[in-house]
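Structure below is my_file.pdb: PDB, C-alpha atoms.
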```
ATOM      1  CA  MET O1209       0.000   0.000   0.000
ATOM      2  CA  ASN O1210       1.450   3.394  -0.950
ATOM      3  CA  GLU O1211       1.886   6.110   1.677
ATOM      4  CA  TRP O1212      -0.735   8.458   0.203
ATOM      5  CA  LEU O1213      -3.420   5.772   0.240
ATOM      6  CA  GLN O1214      -2.495   4.834   3.811
ATOM      7  CA  SER O1215      -2.673   8.499   4.833
ATOM      8  CA  ARG O1216      -6.174   8.812   3.427
ATOM      9  CA  LEU O1217      -7.333   5.598   5.057
ATOM     10  CA  ASP O1218      -6.001   6.927   8.359
ATOM     11  CA  LYS O1219      -7.918  10.169   7.771
ATOM     12  CA  LEU O1220     -11.061   8.171   7.035
ATOM     13  CA  GLY O1221     -10.960   6.840  10.571
ATOM     14  CA  GLN O1222     -11.334  10.414  11.851
ATOM     15  CA  MET O1223     -14.432  11.175   9.737
ATOM     16  CA  ARG O1224     -18.026  10.602  10.776
ATOM     17  CA  VAL O1225     -19.173   8.682   7.697
ATOM     18  CA  LEU O1226     -17.989   7.446   4.285
ATOM     19  CA  ASP O1227     -20.072   8.163   1.178
ATOM     20  CA  MET O1228     -18.879   5.223  -0.911
ATOM     21  CA  HIS O1229     -20.160   6.522  -4.234
ATOM     22  CA  ALA O1230     -20.946  10.061  -5.317
ATOM     23  CA  HIS O1231     -20.815  12.471  -8.220
ATOM     24  CA  LEU O1232     -20.397  16.184  -7.637
ATOM     25  CA  ALA O1233     -23.757  17.922  -8.020
ATOM     26  CA  PHE O1234     -22.926  20.405 -10.738
ATOM     27  CA  LEU O1235     -21.424  17.730 -12.999
ATOM     28  CA  THR O1236     -24.875  16.203 -13.487
ATOM     29  CA  GLY O1237     -25.964  19.404 -15.247
ATOM     30  CA  SER O1238     -23.945  21.881 -17.271
ATOM     31  CA  GLY O1239     -20.769  21.619 -15.225
ATOM     32  CA  GLU O1240     -19.004  19.142 -17.507
ATOM     33  CA  GLU O1241     -19.779  21.297 -20.544
ATOM     34  CA  MET O1242     -18.406  24.328 -18.713
ATOM     35  CA  TRP O1243     -15.238  22.401 -17.916
ATOM     36  CA  GLU O1244     -14.829  21.315 -21.531
ATOM     37  CA  LYS O1245     -15.242  24.960 -22.568
ATOM     38  CA  LYS O1246     -12.398  25.820 -20.196
ATOM     39  CA  GLU O1247     -14.603  27.864 -17.867
ATOM     40  CA  LYS O1248     -12.552  26.285 -15.124
ATOM     41  CA  MET O1249     -12.596  28.968 -12.465
ATOM     42  CA  ALA O1250     -16.384  28.919 -11.930
ATOM     43  CA  VAL O1251     -16.530  25.136 -12.132
ATOM     44  CA  CYS O1252     -13.645  24.622  -9.742
ATOM     45  CA  GLU O1253     -15.217  26.916  -7.168
ATOM     46  CA  ALA O1254     -18.580  25.106  -7.395
ATOM     47  CA  GLY O1255     -16.979  21.743  -6.705
ATOM     48  CA  LYS O1256     -14.805  23.108  -3.914
ATOM     49  CA  ARG O1257     -17.869  24.484  -2.107
ATOM     50  CA  GLU O1258     -19.576  21.100  -2.135
ATOM     51  CA  LEU O1259     -16.448  19.284  -0.994
ATOM     52  CA  ASP O1260     -15.946  21.809   1.802
ATOM     53  CA  PHE O1261     -19.559  21.240   2.888
ATOM     54  CA  ARG O1262     -19.024  17.494   2.912
ATOM     55  CA  TYR O1263     -15.806  17.815   4.924
ATOM     56  CA  GLN O1264     -17.395  20.192   7.446
ATOM     57  CA  ASN O1265     -20.141  17.606   7.993
ATOM     58  CA  GLY O1266     -17.636  14.809   8.618
ATOM     59  CA  ILE O1267     -18.225  13.110   5.260
ATOM     60  CA  ALA O1268     -15.348  11.302   3.566
ATOM     61  CA  THR O1269     -16.207  10.763  -0.088
ATOM     62  CA  CYS O1270     -15.455   8.348  -2.912
ATOM     63  CA  LEU O1271     -15.897  10.532  -5.995
ATOM     64  CA  SER O1272     -16.646   8.819  -9.279
ATOM     65  CA  SER O1273     -15.816  10.240 -12.713
ATOM     66  CA  GLY O1274     -17.691   8.742 -15.655
ATOM     67  CA  THR O1275     -16.047  10.642 -18.509
ATOM     68  CA  PRO O1276     -12.533  11.899 -19.274
ATOM     69  CA  ALA O1277     -13.754  15.487 -18.840
ATOM     70  CA  GLU O1278     -15.210  14.684 -15.415
ATOM     71  CA  TRP O1279     -11.898  13.098 -14.411
ATOM     72  CA  ALA O1280      -9.984  16.148 -15.646
ATOM     73  CA  TYR O1281     -12.086  18.201 -13.274
ATOM     74  CA  THR O1282     -12.186  15.859 -10.281
ATOM     75  CA  LYS O1283      -8.439  15.178 -10.228
ATOM     76  CA  GLN O1284      -7.920  18.831  -9.266
ATOM     77  CA  PHE O1285      -8.865  17.707  -5.731
ATOM     78  CA  GLN O1286      -6.729  14.561  -5.537
ATOM     79  CA  ASN O1287      -4.583  16.095  -2.778
ATOM     80  CA  ARG O1288      -7.529  16.219  -0.345
ATOM     81  CA  GLU O1289      -7.127  13.579   2.343
ATOM     82  CA  GLU O1290     -10.851  12.920   2.750
ATOM     83  CA  LEU O1291     -11.296  11.883  -0.906
ATOM     84  CA  PHE O1292     -10.872   8.661  -2.859
ATOM     85  CA  LEU O1293     -11.176   8.961  -6.639
ATOM     86  CA  SER O1294     -12.454   6.443  -9.159
ATOM     87  CA  PHE O1295     -12.638   6.623 -12.924
ATOM     88  CA  GLY O1296     -14.381   4.551 -15.559
ATOM     89  CA  ILE O1297     -16.293   5.246 -18.743
ATOM     90  CA  HIS O1298     -19.902   5.083 -17.547
ATOM     91  CA  PRO O1299     -22.228   2.927 -19.681
ATOM     92  CA  TRP O1300     -24.278   6.039 -20.495
ATOM     93  CA  TYR O1301     -21.238   7.393 -22.362
ATOM     94  CA  ALA O1302     -19.940   4.137 -23.828
ATOM     95  CA  ASP O1303     -20.490   5.345 -27.398
ATOM     96  CA  ARG O1304     -18.789   8.715 -26.839
ATOM     97  CA  TYR O1305     -15.425   7.760 -25.391
ATOM     98  CA  GLN O1306     -12.718   5.179 -26.016
ATOM     99  CA  THR O1307     -10.561   3.599 -23.331
ATOM    100  CA  GLU O1308      -7.454   4.751 -25.203
ATOM    101  CA  GLU O1309      -8.427   8.341 -24.375
ATOM    102  CA  ALA O1310      -8.107   7.764 -20.644
ATOM    103  CA  GLN O1311      -4.759   6.048 -20.088
ATOM    104  CA  GLU O1312      -3.641   8.464 -17.391
ATOM    105  CA  ALA O1313      -6.960   8.332 -15.558
ATOM    106  CA  TYR O1314      -6.918   4.528 -15.269
ATOM    107  CA  ARG O1315      -3.423   4.672 -13.830
ATOM    108  CA  GLU O1316      -4.024   7.513 -11.371
ATOM    109  CA  CYS O1317      -7.435   6.570  -9.941
ATOM    110  CA  ASP O1318      -7.807   4.523  -6.758
ATOM    111  CA  TYR O1319     -10.165   2.056  -8.428
ATOM    112  CA  ILE O1320     -12.035   1.731 -11.722
ATOM    113  CA  GLY O1321     -15.712   2.605 -11.965
ATOM    114  CA  GLU O1322     -18.389   3.093 -12.247
ATOM    115  CA  ILE O1323     -18.429   0.749 -15.209
ATOM    116  CA  GLY O1324     -21.073  -1.679 -16.395
ATOM    117  CA  MET O1325     -24.146  -1.941 -18.595
ATOM    118  CA  ASP O1326     -27.618  -0.379 -18.483
ATOM    119  CA  SER O1327     -30.730  -1.331 -20.465
ATOM    120  CA  VAL O1328     -33.181   0.614 -18.281
ATOM    121  CA  TRP O1329     -32.046   4.246 -18.310
ATOM    122  CA  CYS O1330     -29.886   4.078 -21.419
ATOM    123  CA  ASP O1331     -30.491   3.341 -25.110
ATOM    124  CA  ILE O1332     -26.874   2.917 -26.213
ATOM    125  CA  PRO O1333     -26.594  -0.450 -28.057
ATOM    126  CA  LEU O1334     -25.697  -3.202 -25.625
ATOM    127  CA  ASP O1335     -22.891  -4.523 -27.812
ATOM    128  CA  ILE O1336     -21.122  -1.163 -27.493
ATOM    129  CA  GLN O1337     -21.693  -1.089 -23.737
ATOM    130  CA  GLN O1338     -20.423  -4.646 -23.360
ATOM    131  CA  LYS O1339     -17.289  -3.939 -25.382
ATOM    132  CA  ARG O1340     -16.447  -0.937 -23.213
ATOM    133  CA  LEU O1341     -17.092  -2.944 -20.032
ATOM    134  CA  GLU O1342     -14.899  -5.816 -21.218
ATOM    135  CA  GLU O1343     -12.067  -3.446 -22.044
ATOM    136  CA  GLN O1344     -12.243  -1.786 -18.643
ATOM    137  CA  LEU O1345     -12.429  -5.039 -16.703
ATOM    138  CA  GLN O1346      -9.301  -6.124 -18.542
ATOM    139  CA  ILE O1347      -7.557  -2.840 -17.773
ATOM    140  CA  ALA O1348      -8.522  -3.159 -14.095
ATOM    141  CA  ALA O1349      -7.107  -6.693 -13.959
ATOM    142  CA  ASP O1350      -3.892  -5.626 -15.683
ATOM    143  CA  LEU O1351      -3.477  -2.732 -13.244
ATOM    144  CA  LYS O1352      -4.496  -4.939 -10.300
ATOM    145  CA  LYS O1353      -7.294  -2.554  -9.317
ATOM    146  CA  PRO O1354     -10.785  -3.210  -7.957
ATOM    147  CA  VAL O1355     -13.934  -2.163  -9.818
ATOM    148  CA  LEU O1356     -17.251  -0.525  -8.979
ATOM    149  CA  LEU O1357     -20.219  -1.645 -11.080
ATOM    150  CA  HIS O1358     -23.382  -0.148 -12.569
ATOM    151  CA  THR O1359     -25.661  -3.116 -13.342
ATOM    152  CA  LYS O1360     -29.076  -1.680 -14.238
ATOM    153  CA  GLY O1361     -31.099  -4.321 -16.105
ATOM    154  CA  GLN O1362     -27.979  -6.264 -17.170
ATOM    155  CA  GLU O1363     -27.151  -8.127 -13.989
ATOM    156  CA  LYS O1364     -26.951 -11.575 -15.620
ATOM    157  CA  LYS O1365     -24.642 -10.566 -18.450
ATOM    158  CA  ILE O1366     -22.288  -8.598 -16.189
ATOM    159  CA  ALA O1367     -22.048 -11.484 -13.724
ATOM    160  CA  GLU O1368     -20.971 -13.768 -16.597
ATOM    161  CA  LEU O1369     -18.212 -11.342 -17.588
ATOM    162  CA  LEU O1370     -16.913 -11.161 -14.012
ATOM    163  CA  LYS O1371     -16.126 -14.862 -13.657
ATOM    164  CA  GLY O1372     -12.711 -15.266 -12.140
ATOM    165  CA  PHE O1373     -12.018 -11.544 -11.813
ATOM    166  CA  PRO O1374      -9.287 -11.577  -9.163
ATOM    167  CA  TYR O1375      -9.660  -8.182  -7.494
ATOM    168  CA  GLY O1376     -12.316  -6.427  -5.452
ATOM    169  CA  ILE O1377     -15.795  -5.936  -6.914
ATOM    170  CA  CYS O1378     -18.318  -3.481  -5.494
ATOM    171  CA  VAL O1379     -21.864  -3.343  -6.862
ATOM    172  CA  HIS O1380     -23.245   0.168  -6.627
ATOM    173  CA  TRP O1381     -26.892   0.572  -5.466
ATOM    174  CA  TYR O1382     -28.024  -2.878  -6.606
ATOM    175  CA  SER O1383     -31.652  -2.875  -7.776
ATOM    176  CA  GLY O1384     -31.940  -6.100  -9.768
ATOM    177  CA  THR O1385     -33.966  -9.173  -8.877
ATOM    178  CA  GLU O1386     -33.262 -11.385  -5.899
ATOM    179  CA  GLN O1387     -32.515 -14.243  -8.291
ATOM    180  CA  ASP O1388     -29.936 -12.207 -10.198
ATOM    181  CA  LEU O1389     -28.299 -11.299  -6.889
ATOM    182  CA  GLU O1390     -27.057 -14.877  -6.429
ATOM    183  CA  PRO O1391     -23.959 -14.846  -8.678
ATOM    184  CA  TYR O1392     -22.749 -11.605  -7.076
ATOM    185  CA  LEU O1393     -23.039 -13.219  -3.659
ATOM    186  CA  ASP O1394     -21.055 -16.197  -4.981
ATOM    187  CA  LEU O1395     -18.352 -13.805  -6.226
ATOM    188  CA  GLY O1396     -18.009 -12.305  -2.749
ATOM    189  CA  CYS O1397     -18.844  -8.811  -3.961
ATOM    190  CA  TYR O1398     -19.132  -5.700  -1.847
ATOM    191  CA  PHE O1399     -22.379  -3.738  -2.106
ATOM    192  CA  THR O1400     -23.419  -0.163  -1.461
ATOM    193  CA  LEU O1401     -26.799   0.632   0.060
ATOM    194  CA  GLY O1402     -28.467   3.534  -1.724
ATOM    195  CA  PRO O1403     -30.277   6.487  -0.131
ATOM    196  CA  ASP O1404     -33.597   4.635  -0.406
ATOM    197  CA  PHE O1405     -32.379   1.865   1.933
ATOM    198  CA  PRO O1406     -33.461   3.297   5.335
ATOM    199  CA  ALA O1407     -37.048   4.084   4.348
ATOM    200  CA  ALA O1408     -37.412   0.731   2.566
ATOM    201  CA  CYS O1409     -36.313  -1.194   5.645
ATOM    202  CA  SER O1410     -37.891   0.731   8.483
ATOM    203  CA  SER O1411     -41.164   2.601   8.867
ATOM    204  CA  MET O1412     -39.399   4.629  11.564
ATOM    205  CA  ALA O1413     -36.944   6.081   9.032
ATOM    206  CA  ASP O1414     -37.527   9.274   7.094
ATOM    207  CA  GLN O1415     -40.033   8.176   4.444
ATOM    208  CA  ARG O1416     -39.141  11.150   2.257
ATOM    209  CA  LEU O1417     -36.234   9.023   1.016
ATOM    210  CA  LEU O1418     -38.741   6.781  -0.817
ATOM    211  CA  ARG O1419     -41.102   9.443  -2.092
ATOM    212  CA  GLY O1420     -39.783   9.165  -5.638
ATOM    213  CA  PHE O1421     -40.943   5.530  -6.001
ATOM    214  CA  SER O1422     -44.304   3.878  -6.676
ATOM    215  CA  GLN O1423     -45.920   1.616  -4.084
ATOM    216  CA  GLU O1424     -44.994  -1.456  -6.143
ATOM    217  CA  GLU O1425     -41.378  -0.328  -6.315
ATOM    218  CA  LYS O1426     -41.348   0.258  -2.565
ATOM    219  CA  VAL O1427     -42.548  -3.303  -1.872
ATOM    220  CA  GLN O1428     -39.910  -4.732  -4.225
ATOM    221  CA  LYS O1429     -37.188  -2.683  -2.562
ATOM    222  CA  GLN O1430     -38.245  -3.808   0.903
ATOM    223  CA  SER O1431     -38.033  -7.469  -0.125
ATOM    224  CA  LEU O1432     -34.693  -7.020  -1.917
ATOM    225  CA  TYR O1433     -33.020  -5.125   0.922
ATOM    226  CA  ARG O1434     -34.199  -7.687   3.482
ATOM    227  CA  ARG O1435     -32.643 -10.439   1.371
ATOM    228  CA  MET O1436     -29.409  -8.508   0.938
ATOM    229  CA  LEU O1437     -29.111  -7.900   4.676
ATOM    230  CA  GLN O1438     -29.667 -11.605   5.338
ATOM    231  CA  GLU O1439     -27.043 -12.715   2.827
ATOM    232  CA  ILE O1440     -24.334 -10.029   2.869
ATOM    233  CA  PRO O1441     -22.120  -9.643   5.938
ATOM    234  CA  VAL O1442     -21.563  -6.123   7.244
ATOM    235  CA  GLY O1443     -17.924  -6.602   6.261
ATOM    236  CA  HIS O1444     -19.029  -6.297   2.632
ATOM    237  CA  LEU O1445     -21.397  -3.328   2.909
ATOM    238  CA  PHE O1446     -21.083   0.416   2.359
ATOM    239  CA  VAL O1447     -23.514   3.334   2.331
ATOM    240  CA  GLU O1448     -23.747   5.843  -0.494
ATOM    241  CA  THR O1449     -25.668   8.848  -1.821
ATOM    242  CA  ASP O1450     -24.751   8.667  -5.538
ATOM    243  CA  GLY O1451     -24.609  12.454  -5.234
ATOM    244  CA  ILE O1452     -27.093  15.134  -4.247
ATOM    245  CA  SER O1453     -29.131  14.785  -7.433
ATOM    246  CA  ALA O1454     -29.711  11.069  -6.794
ATOM    247  CA  VAL O1455     -30.877  11.749  -3.236
ATOM    248  CA  ALA O1456     -33.288  14.387  -4.539
ATOM    249  CA  TRP O1457     -34.567  11.885  -7.123
ATOM    250  CA  ALA O1458     -35.180   9.241  -4.446
ATOM    251  CA  MET O1459     -37.068  11.861  -2.440
ATOM    252  CA  GLY O1460     -39.189  12.850  -5.432
ATOM    253  CA  GLU O1461     -37.781  16.369  -5.343
ATOM    254  CA  THR O1462     -36.967  18.453  -8.406
ATOM    255  CA  VAL O1463     -34.563  20.744  -6.563
ATOM    256  CA  ALA O1464     -31.506  19.343  -4.796
ATOM    257  CA  ASN O1465     -29.749  20.984  -1.875
ATOM    258  CA  TRP O1466     -26.639  20.071   0.058
ATOM    259  CA  GLU O1467     -28.506  19.432   3.313
ATOM    260  CA  MET O1468     -29.900  16.260   1.718
ATOM    261  CA  LEU O1469     -26.429  14.665   1.897
ATOM    262  CA  PRO O1470     -25.993  14.385   5.681
ATOM    263  CA  LEU O1471     -29.715  13.555   5.998
ATOM    264  CA  ALA O1472     -29.435  10.564   3.663
ATOM    265  CA  LEU O1473     -26.120   9.306   5.053
ATOM    266  CA  GLN O1474     -27.212   9.648   8.672
ATOM    267  CA  ALA O1475     -30.416   7.706   7.974
ATOM    268  CA  ASN O1476     -28.425   5.042   6.150
ATOM    269  CA  MET O1477     -25.899   4.645   8.960
ATOM    270  CA  GLN O1478     -28.595   4.514  11.650
ATOM    271  CA  SER O1479     -30.549   1.823   9.809
ATOM    272  CA  LEU O1480     -27.511  -0.314   9.012
ATOM    273  CA  ALA O1481     -26.155   0.034  12.559
ATOM    274  CA  GLU O1482     -29.493  -1.180  13.911
ATOM    275  CA  VAL O1483     -29.469  -4.236  11.638
ATOM    276  CA  ALA O1484     -25.810  -4.989  12.367
ATOM    277  CA  LYS O1485     -26.346  -4.460  16.100
ATOM    278  CA  LYS O1486     -23.495  -1.979  16.248
ATOM    279  CA  SER O1487     -23.156   1.613  17.321
ATOM    280  CA  GLU O1488     -22.684   4.087  14.489
ATOM    281  CA  LYS O1489     -19.094   4.602  15.645
ATOM    282  CA  GLU O1490     -18.438   0.855  15.477
ATOM    283  CA  LEU O1491     -20.101   0.706  12.066
ATOM    284  CA  GLN O1492     -17.932   3.509  10.704
ATOM    285  CA  LYS O1493     -14.845   1.652  11.945
ATOM    286  CA  GLN O1494     -16.066  -1.467  10.126
ATOM    287  CA  ILE O1495     -16.710   0.490   6.926
ATOM    288  CA  CYS O1496     -13.189   1.938   7.102
ATOM    289  CA  LYS O1497     -11.879  -1.629   7.279
ATOM    290  CA  ASN O1498     -14.114  -2.626   4.361
ATOM    291  CA  LEU O1499     -12.721   0.135   2.159
ATOM    292  CA  SER O1500      -9.146  -0.739   3.039
ATOM    293  CA  GLU O1501      -9.735  -4.377   2.109
ATOM    294  CA  PHE O1502     -11.643  -3.489  -1.073
ATOM    295  CA  LEU O1503      -8.806  -1.268  -2.272
ATOM    296  CA  THR O1504      -5.823  -3.383  -1.264
ATOM    297  CA  GLU O1505      -6.778  -7.058  -1.107
ATOM    298  CA  PRO O1506      -7.581  -9.514  -3.916
ATOM    299  CA  SER O1507     -11.037 -11.012  -4.234
ATOM    300  CA  LYS O1508     -11.367 -13.653  -1.537
ATOM    301  CA  SER O1509     -13.072 -16.001  -4.007
ATOM    302  CA  HIS O1510     -10.200 -15.711  -6.518
ATOM    303  CA  ALA O1511      -7.212 -14.798  -4.357
ATOM    304  CA  SER O1512      -5.081 -17.565  -5.818
ATOM    305  CA  ILE O1513      -5.390 -16.047  -9.309
ATOM    306  CA  ALA O1514      -4.457 -12.584  -8.047
ATOM    307  CA  ARG O1515      -1.389 -13.901  -6.241
ATOM    308  CA  SER O1516      -0.194 -15.981  -9.185
ATOM    309  CA  ASN O1517       1.382 -14.768 -12.408
ATOM    310  CA  LYS O1518      -1.610 -16.002 -14.388
ATOM    311  CA  GLN O1519      -3.190 -13.319 -16.573
ATOM    312  CA  TRP O1520      -6.949 -12.933 -16.141
ATOM    313  CA  VAL O1521      -8.821 -12.555 -19.429
ATOM    314  CA  CYS O1522     -12.424 -11.377 -19.561
ATOM    315  CA  PRO O1523     -14.705 -14.365 -20.362
ATOM    316  CA  GLN O1524     -16.599 -14.439 -23.681
ATOM    317  CA  SER O1525     -14.669 -11.450 -24.934
ATOM    318  CA  GLU O1526     -13.454 -11.144 -28.511
ATOM    319  CA  THR O1527     -12.026  -7.677 -27.963
ATOM    320  CA  SER O1528     -10.857  -7.078 -24.423
ATOM    321  CA  SER O1529      -7.930  -9.494 -24.583
ATOM    322  CA  ARG O1530      -6.349  -7.113 -27.129
ATOM    323  CA  PHE O1531      -6.107  -4.353 -24.522
ATOM    324  CA  ARG O1532      -3.152  -4.430 -22.178
ATOM    325  CA  ILE O1533      -1.476  -1.891 -19.983
ATOM    326  CA  SER O1534       2.183  -1.830 -21.020
ATOM    327  CA  GLY O1535       4.548   0.818 -19.746
ATOM    328  CA  SER O1536       2.608   4.046 -19.935
ATOM    329  CA  ILE O1537       0.226   3.163 -22.770
ATOM    330  CA  ILE O1538      -2.707   0.879 -23.413
ATOM    331  CA  MET O1539      -1.605  -1.508 -26.117
ATOM    332  CA  GLU O1540      -3.770  -2.880 -28.914
TER
END
```
Let me see the file written as structure tokens.
Amino acid sequence: MNEWLQSRLDKLGQMRVLDMHAHLAFLTGSGEEMWEKKEKMAVCEAGKRELDFRYQNGIATCLSSGTPAEWAYTKQFQNREELFLSFGIHPWYADRYQTEEAQEAYRECDYIGEIGMDSVWCDIPLDIQQKRLEEQLQIAADLKKPVLLHTKGQEKKIAELLKGFPYGICVHWYSGTEQDLEPYLDLGCYFTLGPDFPAACSSMADQRLLRGFSQEEKVQKQSLYRRMLQEIPVGHLFVETDGISAVAWAMGETVANWEMLPLALQANMQSLAEVAKKSEKELQKQICKNLSEFLTEPSKSHASIARSNKQWVCPQSETSSRFRISGSIIME
């Protein structure tokens, strides 16, 4: 483990809570376009204000960048001790960017993601999404880095592509079926619990966090989260917001504000602590341990592959085996 990563993990232990997956609020709107147009001063200040708010509220954050432009912006804050940075071409942008464009980002990020496939909120052809996912799984394996996954509507296919992947896997805000959950449990994946988790699992929690869902969706979420809590040990769980905009969406609000962040995270921690029969302080200590293991240890189900010299190759792939990290470039 390098000294900078260790320093940040030490800092994490001093924070109140870890937001395992988030995007900066302004980057979900016009912020990325502003950055691409080089209007960097205004953009940089907007992000700094949110990060300062998070820090002042005791929130350590794993920031995800889904495009090269988002990474170019986010990396400006890589010297902040309360941040962990991930990069991966998000499935929503799989037809706009090539992995070759992001060599530096893959090398510099703490882990790769969020990557995956999406047939619910995205109409990009699945063959393009799959190709980009395969390439990035291969890059992650070559760099010996864990991955964070977006699996909306494509849980079965993604699970097939993950077979034998030797490093950490974290599934972000899983919302598939209970049946499709099985292979991810077999792989020993980590999971994040989204901002809808507390209200779905407890009538005592703030029900505003489920206001954006139909009654049928609420019932499905309740059943899924109960199953996940039965099957997944607390040593493989995190809490997340997915950013202010996602919390607002879960609450059925059209306007997002920063105060939603500590509200959602506090509710998440309280609910998970109750289930795990731990104090929130004990839970935060456990989550710190989880992040350290996710970032630094091979997948427990495939540790022998990670520790050997055997090269992992993405299953079923006709393209990803052509991509290799070599020196400072991605080779074809």
Resolved residues for the PyMOL selection byres ((chain O and resi 1393-1399) around 8) as an MDAnalysis selection string: chainID O and resid 1371 1376:1382 1389:1392 1400:1401 1439:1440 1444:1446 1502 1507:1509
Result set, the PyMOL selection byres ((chain O and resi 1468-1475) around 9) on current file, as JSON, numbers by chain: {"O": [1225, 1226, 1227, 1262, 1265, 1266, 1267, 1402, 1403, 1404, 1405, 1406, 1407, 1413, 1414, 1417, 1447, 1448, 1449, 1451, 1452, 1455, 1456, 1464, 1465, 1466, 1467, 1476, 1477, 1478, 1479, 1480]}
Atom CA of Ser1215 of chain O to atom CA of His1358 of chain O, distance in Å rounded to a single decimal: 28.4 Å
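Taking atom CA of Glu1290 of chain O and atom CA of Ala1277 of chain O as endpoints, the distance between them is 21.9 Å.
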Would you write out, as a PDB file with C-alpha atoms, keeping the file's coordinate frame, every residue that the PyMOL selection byres ((chain O and resi 1430) around 12) captures in this file?
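Written file, part35.pdb:
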```pdb
ATOM      1  CA  SER O1383     -31.652  -2.875  -7.776  1.00  0.00           C
ATOM      2  CA  THR O1385     -33.966  -9.173  -8.877  1.00  0.00           C
ATOM      3  CA  GLU O1386     -33.262 -11.385  -5.899  1.00  0.00           C
ATOM      4  CA  ASP O1404     -33.597   4.635  -0.406  1.00  0.00           C
ATOM      5  CA  PHE O1405     -32.379   1.865   1.933  1.00  0.00           C
ATOM      6  CA  PRO O1406     -33.461   3.297   5.335  1.00  0.00           C
ATOM      7  CA  ALA O1407     -37.048   4.084   4.348  1.00  0.00           C
ATOM      8  CA  ALA O1408     -37.412   0.731   2.566  1.00  0.00           C
ATOM      9  CA  CYS O1409     -36.313  -1.194   5.645  1.00  0.00           C
ATOM     10  CA  SER O1410     -37.891   0.731   8.483  1.00  0.00           C
ATOM     11  CA  SER O1411     -41.164   2.601   8.867  1.00  0.00           C
ATOM     12  CA  LEU O1418     -38.741   6.781  -0.817  1.00  0.00           C
ATOM     13  CA  PHE O1421     -40.943   5.530  -6.001  1.00  0.00           C
ATOM     14  CA  GLN O1423     -45.920   1.616  -4.084  1.00  0.00           C
ATOM     15  CA  GLU O1424     -44.994  -1.456  -6.143  1.00  0.00           C
ATOM     16  CA  GLU O1425     -41.378  -0.328  -6.315  1.00  0.00           C
ATOM     17  CA  LYS O1426     -41.348   0.258  -2.565  1.00  0.00           C
ATOM     18  CA  VAL O1427     -42.548  -3.303  -1.872  1.00  0.00           C
ATOM     19  CA  GLN O1428     -39.910  -4.732  -4.225  1.00  0.00           C
ATOM     20  CA  LYS O1429     -37.188  -2.683  -2.562  1.00  0.00           C
ATOM     21  CA  SER O1431     -38.033  -7.469  -0.125  1.00  0.00           C
ATOM     22  CA  LEU O1432     -34.693  -7.020  -1.917  1.00  0.00           C
ATOM     23  CA  TYR O1433     -33.020  -5.125   0.922  1.00  0.00           C
ATOM     24  CA  ARG O1434     -34.199  -7.687   3.482  1.00  0.00           C
ATOM     25  CA  ARG O1435     -32.643 -10.439   1.371  1.00  0.00           C
ATOM     26  CA  MET O1436     -29.409  -8.508   0.938  1.00  0.00           C
ATOM     27  CA  LEU O1437     -29.111  -7.900   4.676  1.00  0.00           C
TER      28      LEU O1437
END
```
Surrounding residues of Trp1300 of chain O excluding itself and chain neighbours under 2 positions, 8 Å, all atoms listed in the file, as a ChimeraX atom specification: /O:1298,1302-1303,1326,1330,1332
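Nearest to Arg1257 of chain O of all the residues O:Gln1494, O:Phe1285, O:Gln1344, O:Gln1214 is O:Phe1285, based on all atoms listed in the file.
Among the candidates O:Cys1317, O:Ile1366, O:Arg1288, O:Ile1323, the one nearest to Gly1274 of chain O when counting all atoms listed in the file is O:Ile1323.
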Produce the centre coordinates and the three edge lengths, each in Å to one decimal, of the box along x, y and z that contains all listed atoms of segment 1487-1494 of chain O with 4 Å added on each side, as AutoDock Vina command-line options.
```
--center_x -19.0 --center_y 1.6 --center_z 13.7 --size_x 16.3 --size_y 14.1 --size_z 15.2
```
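Each of O:Glu1309, O:Glu1368, O:Asp1450, O:Glu1211 was checked against Thr1269 of chain O using all atoms listed in the file; the smallest atom-to-atom distance is that of O:Asp1450.
Of note, atom CA of Leu1259 of chain O and atom CA of Tyr1314 of chain O are spaced 22.6 Å apart.
Nearest residue to Pro1523 of chain O, choosing from O:Asp1388, O:Gly1361, O:Leu1341, O:Gln1492 and counting all atoms listed in the file: O:Leu1341.
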Among the residues O:Lys1352, O:Ala1367, O:Gln1387, O:Gly1221, the one that comes closest to Glu1505 of chain O [using only C-alpha atoms]: O:Lys1352
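Among O:Lys1364, O:Gln1284, O:Ile1336, O:Leu1351, the residue with the shortest atom-to-atom distance to Arg1315 of chain O, counting only C-alpha atoms, is O:Leu1351.
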Residues within 6 Å of (-19.5, 11.0, -5.5), counting all atoms listed in the file, listed as an MDAnalysis selection string: chainID O and resid 1229:1232 1270:1272 1450:1451
